[in-house]
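Undergrad: Quick one: the structure is below, questions incoming.
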Amino acid sequence: MARLKRIWQKIKEGKLRQVLSELAWIYGYGKRYRSAVTWYIFLGVLGTGMSLMASVLSKNIVDVVTGFHTGALAPAAVFYVSMQLARIGINAWTGRISAKIEVKVDQEIRAEVYDKIMEADWQAMSQYHSGDLLNRMDNDVASVSSSVLGWLPDLVTRLVQFLGALGIILYYDPTLAGLALLSAPVTLVVSRTLMGRMRQYSRQVREVRSQVMMFHEESFQNIQVIKSFGLGGLYSRKLRQVQEDYRQVKLAYNKFSVAASALMSLVGTAVSVACFGWGVYRLWGNYITYGTMILFLQMAGSLSASFGALVKLVPSAISAATAAGRIMAVTELPREDRSQDKEAWELLEENRADGIRVETRDLVFRYQDGDVVLDGANFYADPGEIVALVGPSGEGKTTMLRLLLGIVRPQAGYVAVTGQRTGQSLTASASTRPFFAYVPQGNTMFAGTVAENLRVMAQEAGEEDLWRVLDLACAGEFVRKLPQGLDTKLKEGGGSLSSGQVQRLSIARALLADAPVLLLDEATSALDVATERKVLRNVLQAQAHKTVIVTTHRPSVLNICNRVYQIANRRICTLTQEEIRQKIADF
């Protein structure tokens with residue numbers, strides 16, 4: 001009664017419904033590959049059937065050799081060998097087909113999961129660490145993809161093996177069939193206990209594995225800082241603590257698995273001994289032949305193995321369901337708003353030559369579970385202008401750029417882009433992101449050559465276009481001096497270049513996008529004052545209708561800006577010329 005109450009409580013808590021929804025999610029992928037799964041099942045059943053037939057043939061051959069039956073030995077032996085070779089061939093063929101299909105399924109699921117993660121709302125996605133996302137993409141997707149092809153075919157194949165072996169034993173000796181099934185009740189009891197614990201351990205192991213991956217990723221990304229601060233020893237100790245957490249969870253799971261396996265092995269051995277004893281007794285009493293005795297032993301082992309495999313499919317399904325639940329958690333996050341893609345494209349093409357006005361009105365924004373960052377913020381920038389956003393760190397400059405890019409959405413007010421020629425406006429969203437070329441803070445170089453990094457924004461750009469934007473960004477001179485010029489391979493994160501060189505390459509890449517609005521988030525902080533001003537002047541001289549918005553801590557560029565906005569205390573105010581001069585003087 002107590003057990004029934006616990007089961008009922010879990011059902012009320014939605015745990016059963018959760019597992020079923022996760023398995024249904026996996027089944028959705030399985031339906032796409034039903035022809036492959038059906039073919040795989042057919043080959044598995046065919047191989048199993050041949051194995052059972054070969055066992056029966058081996059009985060007849062032994063009986064002929066020992067004189068219990070008369071018959072032609074040579075044809076039976078040839079047929080037996082042929083069956084074994086055919087079974088080996090089918091198993092090899094099945095393995096090859098399985099590998100091809102599993103790779104295809106795995107890659108397609110990974111691609112779809114990757115696309116959904118990339119399309120997810122940024123603020124909802126930011127609750128997940130990138131190392132955890134990598135673990136879900138790697139280990140969890142591998143578990144799901146293998147179950148798509150493996151679980152149902154294994155179920156059918158093992159069921160055919162179980163029923164076939166049981167049928168053969170029942171035909172020759174019903175008592176032996178009963179002895180062979182003695183392990184079934186114990187196996188069911190153990191598996192029922194195993195299922196609940198398996199889901200718990202599976203989730204714990206996956207979560208701790210994510211912690212390990214998160215630690216490794218952060219360490220390698222910040223290895224320069226760790227070295228500079230002399231934190232190698234600290235992080236070495238942290239690694240061992242993470243490893244210890246993983247070891248404890250893994251060994252606890254192993255301890256439970258070993259105990260369950262030992263119990264099952266003990267029961268299986270007892271059943272095997274009982275079957276062997278019964279077979280010996282029947283053979284001693286001349287009730288069966290030597291061939292039948294061999295067949296009994298083969299079928300008893302096959303029956304026990306297939307039943308155990310059927311039971312183990314339940315924990316494997318639970319493990320796959322756990323992995324599916326972790327994937328679903330990120331793939332079912334809210335999507336970015338792409339409802340205005342067509343309108344945005346038309347607006348961009350109609351106004352590309354004349355430029356785009358960017359404006360915010362009565363803007364109110366706060367992050368999830370955070371304080372208000374902006375309250376009643378008003379701001380605008382017109383084509384041909386350089387507009388600066390200044391203020392203390394953490395006051396909302398980068399947040400303003402995220403709002404302009406449609407990465408986050410305001411709780412009140414609006415952010416709009418307006419065509420200078422047509423006067424048509426659209427609210428900022430993921431659809432209007434092509435209006436902007438963005439140079440973020442920090443290092444934004446990707447693995448590859450200089451040319452490959454630049455062409456990220458314009459895949460078809462020619463070499464002449466690359467040199468044009470490099471010269472505008474004051475980067476052409478140092479790129480020409482690199483060993484292979486545009487074909488020079490950059491180290492991870494552009495590590496072979498200085499911070500100023502990386503910034504100029506990032507600006508050149510943004511210019512190659514030819515977007516009407518250029519956003520520079522502290523993107524000239526590593527440049528000297530003269531280079532900083534030259535880059536900005538080059539941009540407006542070459543593209544007079546471009547709107548340039550910069551965030552900066554350095555007032556050195558402010559005297560070439562058309563307007564300067566200060567963000568402080570959740571407000572935005574326009575600085576007067578006197579206030580700008582004072583900031584430059586203080587700097």
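Here's how to read the names in the structure tokens: chain A, B, ... by the order shown, residue numbers from 1 in each chain, ligand numbers from 1 in the order shown.
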Quick one: residues within 12 Å of Arg468 (chain A), only C-alpha atoms counted, chain neighbours fewer than 2 positions away excluded, as a list in words?
TA: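 The residues satisfying every condition are Leu454, Ala461, Gly462, Glu463, Glu464, Asp465, Leu466, Leu470, Asp471, Leu472, Ala473, Cys474, Ala475, Gly476, Glu477, Ala508, Arg509, Leu511, Leu512, Asn538, Val539 and Ala542 of chain A.
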Undergrad: Within 10 Å of Lys116 (chain A), counting only C-alpha atoms, which residues qualify if same-chain residues fewer than 5 places away don't, as a PDB file with all heavy atoms, in the first residue's frame?
TA:
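Okay, this is what ended up in part.pdb:
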ATOM      1  N   ARG A 110      21.697  17.195 -34.018  1.00  0.00           N
ATOM      2  CA  ARG A 110      22.617  18.234 -33.542  1.00  0.00           C
ATOM      3  C   ARG A 110      22.388  19.549 -34.281  1.00  0.00           C
ATOM      4  O   ARG A 110      22.396  20.629 -33.680  1.00  0.00           O
ATOM      5  CB  ARG A 110      24.066  17.783 -33.732  1.00  0.00           C
ATOM      6  CG  ARG A 110      24.516  16.720 -32.759  1.00  0.00           C
ATOM      7  CD  ARG A 110      25.967  16.320 -33.017  1.00  0.00           C
ATOM      8  NE  ARG A 110      26.304  15.120 -32.277  1.00  0.00           N
ATOM      9  CZ  ARG A 110      26.693  15.107 -31.004  1.00  0.00           C
ATOM     10  NH1 ARG A 110      26.812  16.251 -30.347  1.00  0.00           N
ATOM     11  NH2 ARG A 110      26.976  13.978 -30.396  1.00  0.00           N
ATOM     12  N   ALA A 111      22.210  19.457 -35.612  1.00  0.00           N
ATOM     13  CA  ALA A 111      22.004  20.669 -36.407  1.00  0.00           C
ATOM     14  C   ALA A 111      20.712  21.370 -35.998  1.00  0.00           C
ATOM     15  O   ALA A 111      20.671  22.602 -35.866  1.00  0.00           O
ATOM     16  CB  ALA A 111      21.979  20.324 -37.900  1.00  0.00           C
ATOM     17  N   ASP A 121      15.543  33.225 -27.700  1.00  0.00           N
ATOM     18  CA  ASP A 121      15.621  34.548 -27.091  1.00  0.00           C
ATOM     19  C   ASP A 121      16.894  34.639 -26.235  1.00  0.00           C
ATOM     20  O   ASP A 121      17.162  33.771 -25.404  1.00  0.00           O
ATOM     21  CB  ASP A 121      14.380  34.786 -26.226  1.00  0.00           C
ATOM     22  CG  ASP A 121      14.431  36.119 -25.512  1.00  0.00           C
ATOM     23  OD1 ASP A 121      14.141  37.130 -26.154  1.00  0.00           O
ATOM     24  OD2 ASP A 121      14.755  36.134 -24.303  1.00  0.00           O
ATOM     25  N   VAL A 330      16.269  23.582 -23.484  1.00  0.00           N
ATOM     26  CA  VAL A 330      16.856  24.700 -24.228  1.00  0.00           C
ATOM     27  C   VAL A 330      16.210  24.888 -25.601  1.00  0.00           C
ATOM     28  O   VAL A 330      16.148  26.018 -26.102  1.00  0.00           O
ATOM     29  CB  VAL A 330      18.383  24.531 -24.372  1.00  0.00           C
ATOM     30  CG1 VAL A 330      19.052  24.615 -23.022  1.00  0.00           C
ATOM     31  CG2 VAL A 330      18.753  23.227 -25.050  1.00  0.00           C
ATOM     32  N   THR A 331      15.734  23.801 -26.208  1.00  0.00           N
ATOM     33  CA  THR A 331      15.135  23.950 -27.540  1.00  0.00           C
ATOM     34  C   THR A 331      13.716  24.512 -27.475  1.00  0.00           C
ATOM     35  O   THR A 331      13.207  24.990 -28.488  1.00  0.00           O
ATOM     36  CB  THR A 331      15.098  22.603 -28.287  1.00  0.00           C
ATOM     37  OG1 THR A 331      14.358  21.648 -27.524  1.00  0.00           O
ATOM     38  CG2 THR A 331      16.508  22.082 -28.519  1.00  0.00           C
ATOM     39  N   GLU A 332      13.096  24.454 -26.324  1.00  0.00           N
ATOM     40  CA  GLU A 332      11.730  24.974 -26.194  1.00  0.00           C
ATOM     41  C   GLU A 332      11.697  26.355 -25.542  1.00  0.00           C
ATOM     42  O   GLU A 332      10.640  26.833 -25.132  1.00  0.00           O
ATOM     43  CB  GLU A 332      10.879  23.985 -25.401  1.00  0.00           C
ATOM     44  CG  GLU A 332      10.686  22.657 -26.134  1.00  0.00           C
ATOM     45  CD  GLU A 332       9.834  21.663 -25.363  1.00  0.00           C
ATOM     46  OE1 GLU A 332       9.461  21.978 -24.208  1.00  0.00           O
ATOM     47  OE2 GLU A 332       9.563  20.581 -25.919  1.00  0.00           O
ATOM     48  N   LEU A 333      12.856  27.004 -25.465  1.00  0.00           N
ATOM     49  CA  LEU A 333      12.892  28.381 -24.982  1.00  0.00           C
ATOM     50  C   LEU A 333      12.185  29.287 -25.984  1.00  0.00           C
ATOM     51  O   LEU A 333      12.069  28.955 -27.171  1.00  0.00           O
ATOM     52  CB  LEU A 333      14.343  28.830 -24.809  1.00  0.00           C
ATOM     53  CG  LEU A 333      15.118  28.204 -23.647  1.00  0.00           C
ATOM     54  CD1 LEU A 333      16.590  28.608 -23.737  1.00  0.00           C
ATOM     55  CD2 LEU A 333      14.537  28.624 -22.309  1.00  0.00           C
ATOM     56  N   PRO A 334      11.716  30.451 -25.550  1.00  0.00           N
ATOM     57  CA  PRO A 334      11.030  31.369 -26.484  1.00  0.00           C
ATOM     58  C   PRO A 334      11.912  31.725 -27.664  1.00  0.00           C
ATOM     59  O   PRO A 334      13.126  31.896 -27.526  1.00  0.00           O
ATOM     60  CB  PRO A 334      10.741  32.603 -25.612  1.00  0.00           C
ATOM     61  CG  PRO A 334      10.841  32.141 -24.204  1.00  0.00           C
ATOM     62  CD  PRO A 334      11.784  30.991 -24.180  1.00  0.00           C
ATOM     63  N   ARG A 335      11.307  31.835 -28.837  1.00  0.00           N
ATOM     64  CA  ARG A 335      12.042  32.208 -30.046  1.00  0.00           C
ATOM     65  C   ARG A 335      12.165  33.724 -30.146  1.00  0.00           C
ATOM     66  O   ARG A 335      11.376  34.480 -29.604  1.00  0.00           O
ATOM     67  CB  ARG A 335      11.320  31.720 -31.307  1.00  0.00           C
ATOM     68  CG  ARG A 335      11.013  30.255 -31.365  1.00  0.00           C
ATOM     69  CD  ARG A 335      12.251  29.427 -31.598  1.00  0.00           C
ATOM     70  NE  ARG A 335      12.737  28.872 -30.337  1.00  0.00           N
ATOM     71  CZ  ARG A 335      13.878  28.264 -30.166  1.00  0.00           C
ATOM     72  NH1 ARG A 335      14.709  28.164 -31.162  1.00  0.00           N
ATOM     73  NH2 ARG A 335      14.223  27.776 -29.011  1.00  0.00           N
TER      74      ARG A 335
END
Undergrad: Show me, as a PDB file with N, CA, C and O atoms, in the first residue's frame, the residues that have an atom within 12 Å of Tyr171 (chain A) when counting only C-alpha atoms, minus same-chain residues fewer than 6 positions from it.
TA:
ATOM      1  N   VAL A  56      18.946 -25.107 -33.679  1.00  0.00           N
ATOM      2  CA  VAL A  56      18.172 -26.330 -33.929  1.00  0.00           C
ATOM      3  C   VAL A  56      18.952 -27.265 -34.851  1.00  0.00           C
ATOM      4  O   VAL A  56      18.969 -28.496 -34.657  1.00  0.00           O
ATOM      5  N   GLY A 164      11.165 -16.804 -29.506  1.00  0.00           N
ATOM      6  CA  GLY A 164      11.659 -17.934 -30.280  1.00  0.00           C
ATOM      7  C   GLY A 164      12.314 -18.983 -29.395  1.00  0.00           C
ATOM      8  O   GLY A 164      12.040 -20.189 -29.522  1.00  0.00           O
ATOM      9  N   ALA A 165      13.181 -18.527 -28.477  1.00  0.00           N
ATOM     10  CA  ALA A 165      13.837 -19.465 -27.567  1.00  0.00           C
ATOM     11  C   ALA A 165      12.827 -20.144 -26.655  1.00  0.00           C
ATOM     12  O   ALA A 165      12.894 -21.365 -26.401  1.00  0.00           O
ATOM     13  N   ALA A 177      11.413 -24.896 -19.639  1.00  0.00           N
ATOM     14  CA  ALA A 177      11.008 -23.516 -19.894  1.00  0.00           C
ATOM     15  C   ALA A 177      10.660 -22.803 -18.591  1.00  0.00           C
ATOM     16  O   ALA A 177      11.016 -21.644 -18.369  1.00  0.00           O
ATOM     17  N   THR A 292      19.679 -32.595 -27.987  1.00  0.00           N
ATOM     18  CA  THR A 292      18.652 -31.830 -27.270  1.00  0.00           C
ATOM     19  C   THR A 292      19.248 -31.157 -26.036  1.00  0.00           C
ATOM     20  O   THR A 292      18.889 -30.021 -25.696  1.00  0.00           O
ATOM     21  N   LEU A 295      20.988 -28.147 -27.158  1.00  0.00           N
ATOM     22  CA  LEU A 295      19.980 -27.162 -27.528  1.00  0.00           C
ATOM     23  C   LEU A 295      19.375 -26.517 -26.285  1.00  0.00           C
ATOM     24  O   LEU A 295      19.150 -25.299 -26.243  1.00  0.00           O
ATOM     25  N   PHE A 296      19.097 -27.315 -25.261  1.00  0.00           N
ATOM     26  CA  PHE A 296      18.538 -26.794 -24.012  1.00  0.00           C
ATOM     27  C   PHE A 296      19.459 -25.723 -23.406  1.00  0.00           C
ATOM     28  O   PHE A 296      19.016 -24.659 -22.987  1.00  0.00           O
ATOM     29  N   MET A 299      19.383 -22.566 -25.581  1.00  0.00           N
ATOM     30  CA  MET A 299      18.129 -21.831 -25.502  1.00  0.00           C
ATOM     31  C   MET A 299      17.895 -21.233 -24.104  1.00  0.00           C
ATOM     32  O   MET A 299      17.326 -20.144 -23.973  1.00  0.00           O
TER      33      MET A 299
END
Undergrad: With only C-alpha atoms as the atoms that count, which of A:Ala416, A:Ile549, A:Leu149, A:Arg402 lies nearest to Ser35 (chain A)?
TA: A:Leu149
Undergrad: With distances taken over only C-alpha atoms, which of A:Gln84, A:Arg136, A:Arg158, A:Gln577 is nearest to Met328 (chain A)?
TA: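 For Met328 (chain A), the nearest of the candidates is A:Arg136.
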Undergrad: I need the residue nearest Arg361 (chain A) from this list: A:Arg338, A:Arg571, A:Arg581, A:Arg34. Use only C-alpha atoms for the distance.
TA: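 Between A:Arg338, A:Arg571, A:Arg581, A:Arg34, the residue approaching Arg361 (chain A) most closely is A:Arg571.
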Undergrad: If you run DSSP on the backbone, which residues of region 298-525 of chain A are helix (DSSP H, G or I), as a PyMOL selection string?
TA: chain A and resi 298-331+341-351+397-404+430-435+450-454+463-472+476-480+485-487+492-494+499-512
Undergrad: Taking 5 positions as the minimum chain separation for residues in the same chain, which residues sit within 12 Å of Asp369 (chain A) when counting only C-alpha atoms? Answer as a PyMOL selection string.
TA: chain A and resi 123-124+127
Undergrad: I need the residue nearest Gln221 (chain A) from this list: A:Ser319, A:Ser130, A:Arg533, A:Val273. Use only C-alpha atoms for the distance.
TA: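 Nearest candidate to Gln221 (chain A) out of A:Ser319, A:Ser130, A:Arg533, A:Val273: A:Ser130.
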